[in-house]
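*Asks:* Submitted below is the structure of interest, expressed as structure tokens.
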Amino acid sequence: MSTDQQIDSLIVQYKRRGFLDTQKKKLREDFVQSTTHDELISQVKLMTTKLIEAKPDLLLRKRGHLTSLIDGAITRRLSGSGAGSSEIPLEGVEELGELIDSWIKEHVTDSEDLQNEVVESLQTTKAEKEAAEGQVTNGVHK
């Protein structure tokens with residue numbers, strides 16, 4: 001088996017064993033407990049208040065429609081795929097993106113603890129896979 005195939009196999013096993021889901025859940029819980037989350041919620045509330053003050057007619061729309069308009073406009077603005085909906089003025093959206101990016105950089109990209117947990121999980125997965133493969137000799141399980 002080539003190195004690429006071994007890596008792909010480890011990734012599949014990592015996901016199958018639920019390590020990825022566990023890490024995502026832990027990161028989400030950490031984010032919700034963080035001051036960054038509180039600041040993000042506060043900024044979104046402020047941005048929404050300013051938006052409603054600037055365009056009070058938006059309140060006459062269905063809640064889901066308004067939410068979709070705001071979500072789509074924010075997503076397009078942050079992804080760079082457009083300036084967002086011309087109907088939705090989005091002052092401060094870039095700061096939201098920077099706030100989230102900063103948290104991700106600190107807790108995911110630059111996190112030695114997370115890197116160590118992933119490496120340990122992969123090493124455990126690899127060792128268990130090798131042990132399981134070692135139990136099969138000449139096509140017969142021991």
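Ordering of the structure tokens sets the chain letters (A, B, ...); residue numbers start at 1 within each chain; ligands are numbered from 1 in the order shown.
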Between segment 28-81 of chain A and segment 104-124 of chain A, at 12 Å or less, what are the per-residue closest atom pairs and their distances in Å? Count only C-alpha atoms, order by chain and rising residue number, and return it as JSON lines.

*Replies:*
{"residue": "A:Arg28", "atom": "CA", "partner": "A:His107", "partner_atom": "CA", "distance": 10.7}
{"residue": "A:Glu29", "atom": "CA", "partner": "A:His107", "partner_atom": "CA", "distance": 12.0}
{"residue": "A:Asp30", "atom": "CA", "partner": "A:His107", "partner_atom": "CA", "distance": 8.9}
{"residue": "A:Phe31", "atom": "CA", "partner": "A:His107", "partner_atom": "CA", "distance": 8.9}
{"residue": "A:Ser34", "atom": "CA", "partner": "A:His107", "partner_atom": "CA", "distance": 10.8}
{"residue": "A:Thr36", "atom": "CA", "partner": "A:Ile104", "partner_atom": "CA", "distance": 10.4}
{"residue": "A:His37", "atom": "CA", "partner": "A:Ile104", "partner_atom": "CA", "distance": 11.7}

*Asks:* What gap, in Å, lies between atom CA of Lys24 of chain A and atom CA of Thr125 of chain A?

*Replies:*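 Taking atom CA of Lys24 of chain A and atom CA of Thr125 of chain A, their separation equals 18.1 Å.
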
*Asks:* Near segment 7-22 of chain A, within 7 Å and counting only C-alpha atoms, which residues show up once chain neighbours fewer than 3 positions away are dropped, as a short mmCIF file (atom, residue, chain, number, x, y, z; two decimals) with all heavy atoms, in the first residue's frame?

*Replies:*
data_model
loop_
_atom_site.label_atom_id
_atom_site.label_comp_id
_atom_site.auth_asym_id
_atom_site.auth_seq_id
_atom_site.Cartn_x
_atom_site.Cartn_y
_atom_site.Cartn_z
N THR A 3 2.06 5.25 0.44
CA THR A 3 1.95 6.20 1.56
C THR A 3 0.65 6.98 1.48
O THR A 3 -0.04 7.16 2.49
CB THR A 3 3.14 7.16 1.58
OG1 THR A 3 4.35 6.39 1.66
CG2 THR A 3 3.08 8.09 2.77
N ASP A 4 0.28 7.42 0.26
CA ASP A 4 -0.98 8.16 0.10
C ASP A 4 -2.17 7.30 0.48
O ASP A 4 -3.12 7.78 1.12
CB ASP A 4 -1.13 8.65 -1.35
CG ASP A 4 -0.21 9.82 -1.68
OD1 ASP A 4 0.34 10.43 -0.74
OD2 ASP A 4 -0.04 10.10 -2.87
N LYS A 25 -17.36 18.82 17.88
CA LYS A 25 -18.27 19.09 19.00
C LYS A 25 -17.53 19.84 20.12
O LYS A 25 -18.05 20.81 20.68
CB LYS A 25 -18.85 17.79 19.54
CG LYS A 25 -19.85 17.97 20.64
CD LYS A 25 -20.41 16.64 21.11
CE LYS A 25 -21.38 16.86 22.25
NZ LYS A 25 -21.90 15.60 22.78
N LYS A 26 -16.32 19.40 20.42
CA LYS A 26 -15.53 20.05 21.47
C LYS A 26 -15.21 21.50 21.09
O LYS A 26 -15.34 22.41 21.92
CB LYS A 26 -14.24 19.27 21.71
CG LYS A 26 -13.36 19.84 22.80
CD LYS A 26 -12.10 19.00 22.97
CE LYS A 26 -11.18 19.53 24.02
NZ LYS A 26 -10.56 20.80 23.70
N LEU A 122 -4.64 9.66 15.68
CA LEU A 122 -4.17 8.98 14.47
C LEU A 122 -3.20 7.84 14.81
O LEU A 122 -3.25 6.77 14.20
CB LEU A 122 -3.52 9.97 13.51
CG LEU A 122 -4.47 10.92 12.79
CD1 LEU A 122 -3.69 12.01 12.07
CD2 LEU A 122 -5.37 10.17 11.82
N THR A 125 -5.26 5.01 16.14
CA THR A 125 -5.96 4.37 15.03
C THR A 125 -5.02 3.50 14.22
O THR A 125 -5.35 2.36 13.88
CB THR A 125 -6.59 5.46 14.12
OG1 THR A 125 -7.51 6.22 14.90
CG2 THR A 125 -7.32 4.84 12.94
N LYS A 126 -3.84 4.02 13.93
CA LYS A 126 -2.85 3.27 13.15
C LYS A 126 -2.42 2.01 13.90
O LYS A 126 -2.36 0.93 13.31
CB LYS A 126 -1.64 4.14 12.85
CG LYS A 126 -0.58 3.45 12.01
CD LYS A 126 0.60 4.35 11.73
CE LYS A 126 1.65 3.61 10.93
NZ LYS A 126 2.87 4.39 10.77
#

*Asks:* Among segment 28-108 of chain A, which residues does DSSP mark as alpha helix (DSSP H) when it is run on the backbone? Keep the chain and numbering as in the structure and answer as a PyMOL selection string.

*Replies:* chain A and resi 28-33+35-54+63-79+93-104

*Asks:* Save out the residues we just selected, C-alpha atoms, as a compact mmCIF listing (two decimals), in the first residue's frame.

*Replies:*
# COMPACT_ATOMS: atom_id res chain seq x y z
CA ARG A 28 -18.13 24.20 19.11
CA GLU A 29 -18.62 23.88 22.88
CA ASP A 30 -15.39 25.79 23.51
CA PHE A 31 -16.50 28.52 21.13
CA VAL A 32 -19.94 28.86 22.74
CA GLN A 33 -18.25 29.22 26.15
CA THR A 35 -15.88 35.60 25.18
CA THR A 36 -15.50 35.65 21.38
CA HIS A 37 -18.95 34.06 21.10
CA ASP A 38 -20.43 36.65 23.44
CA GLU A 39 -18.79 39.45 21.47
CA LEU A 40 -20.01 37.96 18.18
CA ILE A 41 -23.60 37.76 19.45
CA SER A 42 -23.38 41.32 20.73
CA GLN A 43 -22.05 42.60 17.39
CA VAL A 44 -24.72 40.73 15.42
CA LYS A 45 -27.44 42.19 17.64
CA LEU A 46 -26.01 45.68 17.18
CA MET A 47 -25.70 45.19 13.42
CA THR A 48 -29.29 43.91 13.24
CA THR A 49 -30.56 46.84 15.28
CA LYS A 50 -28.80 49.30 12.95
CA LEU A 51 -30.16 47.44 9.95
CA ILE A 52 -33.76 47.61 11.25
CA GLU A 53 -33.35 51.30 12.08
CA ALA A 54 -32.09 51.97 8.53
CA ARG A 63 -38.96 36.12 9.96
CA GLY A 64 -37.41 33.29 7.92
CA HIS A 65 -37.16 35.47 4.84
CA LEU A 66 -35.43 38.28 6.75
CA THR A 67 -33.05 35.81 8.37
CA SER A 68 -32.21 34.31 4.99
CA LEU A 69 -31.59 37.76 3.48
CA ILE A 70 -29.22 38.73 6.29
CA ASP A 71 -27.47 35.36 6.35
CA GLY A 72 -26.98 35.34 2.58
CA ALA A 73 -25.71 38.91 2.52
CA ILE A 74 -23.23 38.24 5.34
CA THR A 75 -22.02 35.00 3.74
CA ARG A 76 -21.52 36.63 0.34
CA ARG A 77 -19.70 39.59 1.86
CA LEU A 78 -17.37 37.43 3.99
CA SER A 79 -16.67 34.92 1.22
CA VAL A 93 -19.58 42.53 8.75
CA GLU A 94 -15.86 42.39 8.09
CA GLU A 95 -15.23 42.76 11.83
CA LEU A 96 -17.40 39.68 12.42
CA GLY A 97 -15.27 37.72 9.99
CA GLU A 98 -12.07 38.94 11.61
CA LEU A 99 -13.40 38.02 15.07
CA ILE A 100 -14.24 34.48 13.94
CA ASP A 101 -10.97 34.10 12.00
CA SER A 102 -8.99 35.19 15.06
CA TRP A 103 -10.69 32.58 17.27
CA ILE A 104 -10.16 29.85 14.68

*Asks:* At what distance in Å, to one decimal, does atom CA of Lys129 of chain A lie from atom CA of Gln6 of chain A?

*Replies:*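 It comes out at 10.7 Å.
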
*Asks:* Please run DSSP on the backbone and report, as a ChimeraX atom specification, all residues within chain A that come out as strand (DSSP E).

*Replies:* /A:136-137,140-141

*Asks:* Kindly give the distance, in Å, that separates atom CA of Glu128 of chain A and atom CA of Gln23 of chain A, rounded to a single decimal.

*Replies:*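 Atom CA of Gln23 of chain A lies at a distance of 19.8 Å from atom CA of Glu128 of chain A.
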